[in-house]
Amino acid sequence: MRAYERLIKYVQIYTTSSEETGVTPSTPGQWDLARALVDELKGLGLENPSVNGHCIVTAWLPASPGCEGAPALGLLAHMDTAPAFSGEGVKPILHEHYDGGDIALPQGGRVIKAADFPFLAGLKGKTLITADGSTLLGADDKAGIAEIMTLCERVIAENLPHGRLCVAFTPDEEIGEGPDHFDVAAFGAKYAYTVDGSAAGSIEYENFNAASAKVDITGVSVHPGTAKGVMENALLIAQELNSLLPPEAVPARTEGYEGFFHLDALTGTTASAHMEYIVRDHDREKFEGKKALLERSAAQVQAAHPTARVELALKDSYYNMKEKLADCMHLVDNARRAAELAGLTPAVEPIRGGTDGARLSYMGLPCPNLGTGGYNFHGPLELACAEEMDAVVEVLRHIVELYSK
């Protein structure tokens, strides 16, 4: 079975995660996919496929004869899809022999425009998979799951030489909780890769340092007719706080290694307001500086409005895995070599985001990230390329062979 065929099956299982439930996994649909994957792993013949009480799927493939001394290699992907856009009722559509032009989706009047997405030119003639425009697709990261499954099928069917392979599929990566209950020692891998990136051939070992920030503002609400000298409008205080942050340091104006403040939510009334930010930077010193600026800004606004209350809560989410991979650059070198052997041009680039691998690297499992052949994640314009997914399976196959030696 080709990887994209598995993808089409997986995306129809509703697994959107949620930050609101406070349980693991955060949504019940993730159990549905986990159980389906365990059954599939059993059918493929892997060792001890199971899902634990935290909805983490694991399985192993013992080393082939003569490769017992090779380092155990882990391959991971996540089962949930991003809560940023609906992942319920996904209806995948195949676009065979893509002509290189705009792709009109049947729902919502949405169009994937070639002028907006230059990478589409390189996909001309290939088979693309999209949703119908009413949901995201879920290639992030069900494409990664499909590719790991297809690799396992090939390794077994073709009796390819391999060291011990350790496979894991995690829940709740999109809300930053994927590795919360991951037992690195029990997993047994010495090194690992997450398969959770974009273009086939991309290799990522640098990611953002990340934090979340929540600001709760309690104003003073009185009748506007008698408000002079008394009212403190919480919404205006929120605007004032945001104005103290550099206007160029937002996602829409940054790229590459540039960090940002992203105001992700603002709700409220005159009486109270709630703000949610994510703070990102590749450089640890600049990252700490951004958090300090938020603290100073909150303090400044509080001082200017003494009868209101401004409460800031900052929480670190993950750190740049580059710090933990400096002594394991063979992972990047072998991934680059594997991409070349698969006929791809490897692209080593920083992630403007994070993966489970970032946290796992700090938990003792060095874990860079590989592309999946998916694009435009977290929204209705998401797509995957069948041929690129095939190429990713080839990359994984060559990585396994390189480490078997």
# chains A, B, ... in the order shown; residues from 1 in each chain; ligands from 1
>>> residues_around(residues="A:Ala34", least_positions_apart="5", cutoff="8 Å", atoms="only C-alpha atoms", output="MDAnalysis selection string")
chainID A and resid 51 55:57 79 169
>>> write_last_selection(atoms="N, CA and C atoms", output="PDB file, in the first residue's frame")
ATOM      1  N   VAL A  51      -1.340   0.410  22.973  1.00  0.00           N
ATOM      2  CA  VAL A  51      -1.598   1.806  23.323  1.00  0.00           C
ATOM      3  C   VAL A  51      -1.740   1.862  24.831  1.00  0.00           C
ATOM      4  N   CYS A  55      -2.674   7.117  25.787  1.00  0.00           N
ATOM      5  CA  CYS A  55      -2.942   7.118  24.339  1.00  0.00           C
ATOM      6  C   CYS A  55      -1.668   7.246  23.502  1.00  0.00           C
ATOM      7  N   ILE A  56      -0.572   6.699  23.988  1.00  0.00           N
ATOM      8  CA  ILE A  56       0.663   6.641  23.214  1.00  0.00           C
ATOM      9  C   ILE A  56       0.786   5.244  22.620  1.00  0.00           C
ATOM     10  N   VAL A  57       0.854   5.183  21.314  1.00  0.00           N
ATOM     11  CA  VAL A  57       0.983   3.908  20.599  1.00  0.00           C
ATOM     12  C   VAL A  57       2.463   3.590  20.426  1.00  0.00           C
ATOM     13  N   MET A  79      -0.779  11.945  16.346  1.00  0.00           N
ATOM     14  CA  MET A  79      -2.101  11.553  15.857  1.00  0.00           C
ATOM     15  C   MET A  79      -3.101  12.699  15.805  1.00  0.00           C
ATOM     16  N   PHE A 169       3.483   6.674  18.162  1.00  0.00           N
ATOM     17  CA  PHE A 169       2.544   7.695  17.709  1.00  0.00           C
ATOM     18  C   PHE A 169       1.931   8.341  18.946  1.00  0.00           C
TER      19      PHE A 169
END
>>> select_by_dssp(residues="stretch 72-214 of chain A", states="alpha helix (DSSP H)", output="PDB file with C-alpha atoms, in the first residue's frame")
ATOM      1  CA  ALA A 139      -1.537  15.639   6.764  1.00  0.00           C
ATOM      2  CA  ASP A 140      -0.015  17.240   9.865  1.00  0.00           C
ATOM      3  CA  ASP A 141       0.780  14.677  11.024  1.00  0.00           C
ATOM      4  CA  LYS A 142      -1.139  11.739   9.613  1.00  0.00           C
ATOM      5  CA  ALA A 143       1.160  11.867   6.597  1.00  0.00           C
ATOM      6  CA  GLY A 144       4.040  11.098   8.973  1.00  0.00           C
ATOM      7  CA  ILE A 145       2.119   8.171  10.475  1.00  0.00           C
ATOM      8  CA  ALA A 146       1.334   6.839   6.999  1.00  0.00           C
ATOM      9  CA  GLU A 147       4.987   7.040   5.947  1.00  0.00           C
ATOM     10  CA  ILE A 148       6.270   5.266   9.047  1.00  0.00           C
ATOM     11  CA  MET A 149       3.665   2.532   8.607  1.00  0.00           C
ATOM     12  CA  THR A 150       4.567   2.113   4.943  1.00  0.00           C
ATOM     13  CA  LEU A 151       8.252   1.946   5.812  1.00  0.00           C
ATOM     14  CA  CYS A 152       7.591  -0.824   8.358  1.00  0.00           C
ATOM     15  CA  GLU A 153       5.594  -2.745   5.772  1.00  0.00           C
ATOM     16  CA  ARG A 154       8.462  -2.491   3.273  1.00  0.00           C
ATOM     17  CA  VAL A 155      11.192  -3.394   5.758  1.00  0.00           C
ATOM     18  CA  ILE A 156       9.316  -6.564   6.692  1.00  0.00           C
ATOM     19  CA  ALA A 157       8.128  -7.519   3.205  1.00  0.00           C
ATOM     20  CA  VAL A 184      12.069   7.517  26.820  1.00  0.00           C
ATOM     21  CA  ALA A 185      13.822   4.672  28.643  1.00  0.00           C
ATOM     22  CA  ALA A 186      11.010   2.201  27.949  1.00  0.00           C
ATOM     23  CA  PHE A 187      10.866   3.279  24.303  1.00  0.00           C
TER      24      PHE A 187
END
>>> residues_around(residues="A:Pro368", least_positions_apart="2", cutoff="6 Å", atoms="only C-alpha atoms", output="short mmCIF file (atom, residue, chain, number, x, y, z; two decimals) with N, CA and C atoms, in the first residue's frame")
data_model
loop_
_atom_site.label_atom_id
_atom_site.label_comp_id
_atom_site.auth_asym_id
_atom_site.auth_seq_id
_atom_site.Cartn_x
_atom_site.Cartn_y
_atom_site.Cartn_z
N TYR A 193 13.86 10.14 14.97
CA TYR A 193 13.40 11.21 14.09
C TYR A 193 11.89 11.35 14.26
N GLU A 204 15.13 19.30 9.78
CA GLU A 204 15.08 20.40 10.74
C GLU A 204 15.67 19.95 12.08
N TYR A 205 16.67 20.68 12.54
CA TYR A 205 17.24 20.39 13.85
C TYR A 205 17.34 21.64 14.71
#
>>> closest_residue(among="A:Asp196, A:Glu232, A:Asp132, A:Glu173", to="A:Ile351", atoms="only C-alpha atoms")
A:Asp196
>>> select_by_dssp(residues="stretch 55-220 of chain A", states="strand (DSSP E or B)", output="MDAnalysis selection string")
chainID A and resid 57:61 73:78 81 93:95 103:104 111:112 128:130 165:170 191:197 202:204 209:218 220
>>> residues_around(residues="A:Met231", least_positions_apart="5", cutoff="8 Å", atoms="only C-alpha atoms", output="PyMOL selection string")
chain A and resi 219-222+224
>>> atom_distance(atom1="atom CA of A:Thr218", atom2="atom CA of A:Leu236")
11.4 Å
>>> closest_residue(among="A:Leu37, A:Val167, A:Leu235, A:Ala304", to="A:Ala59", atoms="only C-alpha atoms")
A:Val167
>>> residues_around(residues="A:Asn369", least_positions_apart="2", cutoff="12 Å", atoms="only C-alpha atoms", output="count of residues only")
49
>>> atom_distance(atom1="atom CA of A:Ala342", atom2="atom CA of A:Gly45")
25.8 Å
>>> decode(residues="stretch 285-354 of chain A", atoms="C-alpha atoms", output="mmCIF file, in the first residue's frame")
data_model
loop_
_atom_site.group_PDB
_atom_site.id
_atom_site.type_symbol
_atom_site.label_atom_id
_atom_site.label_comp_id
_atom_site.auth_asym_id
_atom_site.auth_seq_id
_atom_site.Cartn_x
_atom_site.Cartn_y
_atom_site.Cartn_z
ATOM 1 C CA GLU A 285 18.974 35.236 24.852
ATOM 2 C CA LYS A 286 16.506 37.021 22.579
ATOM 3 C CA PHE A 287 13.765 34.665 23.772
ATOM 4 C CA GLU A 288 14.419 35.604 27.388
ATOM 5 C CA GLY A 289 14.461 39.249 26.313
ATOM 6 C CA LYS A 290 11.025 38.945 24.742
ATOM 7 C CA LYS A 291 9.590 37.461 27.917
ATOM 8 C CA ALA A 292 11.198 40.239 29.958
ATOM 9 C CA LEU A 293 9.660 42.858 27.643
ATOM 10 C CA LEU A 294 6.209 41.370 28.210
ATOM 11 C CA GLU A 295 6.762 41.545 31.960
ATOM 12 C CA ARG A 296 7.905 45.176 31.779
ATOM 13 C CA SER A 297 4.967 46.082 29.562
ATOM 14 C CA ALA A 298 2.460 44.518 31.935
ATOM 15 C CA ALA A 299 4.074 46.317 34.861
ATOM 16 C CA GLN A 300 4.041 49.645 33.000
ATOM 17 C CA VAL A 301 0.367 49.338 32.153
ATOM 18 C CA GLN A 302 -0.452 48.334 35.703
ATOM 19 C CA ALA A 303 1.374 51.406 37.031
ATOM 20 C CA ALA A 304 -0.576 53.630 34.638
ATOM 21 C CA HIS A 305 -3.907 52.169 35.793
ATOM 22 C CA PRO A 306 -3.584 51.620 39.555
ATOM 23 C CA THR A 307 -7.288 50.970 40.144
ATOM 24 C CA ALA A 308 -7.338 48.204 37.516
ATOM 25 C CA ARG A 309 -5.590 44.855 37.854
ATOM 26 C CA VAL A 310 -3.192 43.440 35.237
ATOM 27 C CA GLU A 311 -2.031 39.850 35.809
ATOM 28 C CA LEU A 312 0.521 38.169 33.533
ATOM 29 C CA ALA A 313 1.226 34.420 33.566
ATOM 30 C CA LEU A 314 4.207 33.221 31.503
ATOM 31 C CA LYS A 315 4.979 29.547 30.886
ATOM 32 C CA ASP A 316 7.815 28.042 28.840
ATOM 33 C CA SER A 317 6.666 25.397 26.366
ATOM 34 C CA TYR A 318 9.838 24.020 24.756
ATOM 35 C CA TYR A 319 13.371 24.977 23.787
ATOM 36 C CA ASN A 320 15.589 24.895 20.709
ATOM 37 C CA MET A 321 16.704 21.294 20.196
ATOM 38 C CA LYS A 322 19.893 22.527 18.487
ATOM 39 C CA GLU A 323 21.425 22.768 21.957
ATOM 40 C CA LYS A 324 20.918 19.021 22.462
ATOM 41 C CA LEU A 325 21.855 17.870 18.952
ATOM 42 C CA ALA A 326 25.286 19.503 18.775
ATOM 43 C CA ASP A 327 26.948 16.184 19.672
ATOM 44 C CA CYS A 328 24.659 14.100 17.415
ATOM 45 C CA MET A 329 25.025 15.806 14.053
ATOM 46 C CA HIS A 330 25.345 12.399 12.392
ATOM 47 C CA LEU A 331 21.531 12.394 12.586
ATOM 48 C CA VAL A 332 21.423 15.411 10.291
ATOM 49 C CA ASP A 333 24.259 14.161 8.079
ATOM 50 C CA ASN A 334 22.631 10.755 7.600
ATOM 51 C CA ALA A 335 19.256 12.320 6.887
ATOM 52 C CA ARG A 336 20.902 14.534 4.272
ATOM 53 C CA ARG A 337 22.593 11.517 2.693
ATOM 54 C CA ALA A 338 19.340 9.532 2.766
ATOM 55 C CA ALA A 339 17.493 12.351 1.001
ATOM 56 C CA GLU A 340 20.122 12.415 -1.733
ATOM 57 C CA LEU A 341 19.897 8.638 -2.151
ATOM 58 C CA ALA A 342 16.123 9.053 -2.508
ATOM 59 C CA GLY A 343 16.658 11.491 -5.368
ATOM 60 C CA LEU A 344 15.802 14.610 -3.366
ATOM 61 C CA THR A 345 17.688 17.823 -2.756
ATOM 62 C CA PRO A 346 17.981 18.013 1.029
ATOM 63 C CA ALA A 347 17.041 21.300 2.663
ATOM 64 C CA VAL A 348 18.349 21.841 6.187
ATOM 65 C CA GLU A 349 16.353 24.706 7.651
ATOM 66 C CA PRO A 350 15.084 26.028 10.986
ATOM 67 C CA ILE A 351 11.541 25.223 12.101
ATOM 68 C CA ARG A 352 9.361 28.238 12.697
ATOM 69 C CA GLY A 353 7.506 26.176 15.266
ATOM 70 C CA GLY A 354 8.220 23.092 17.330
#
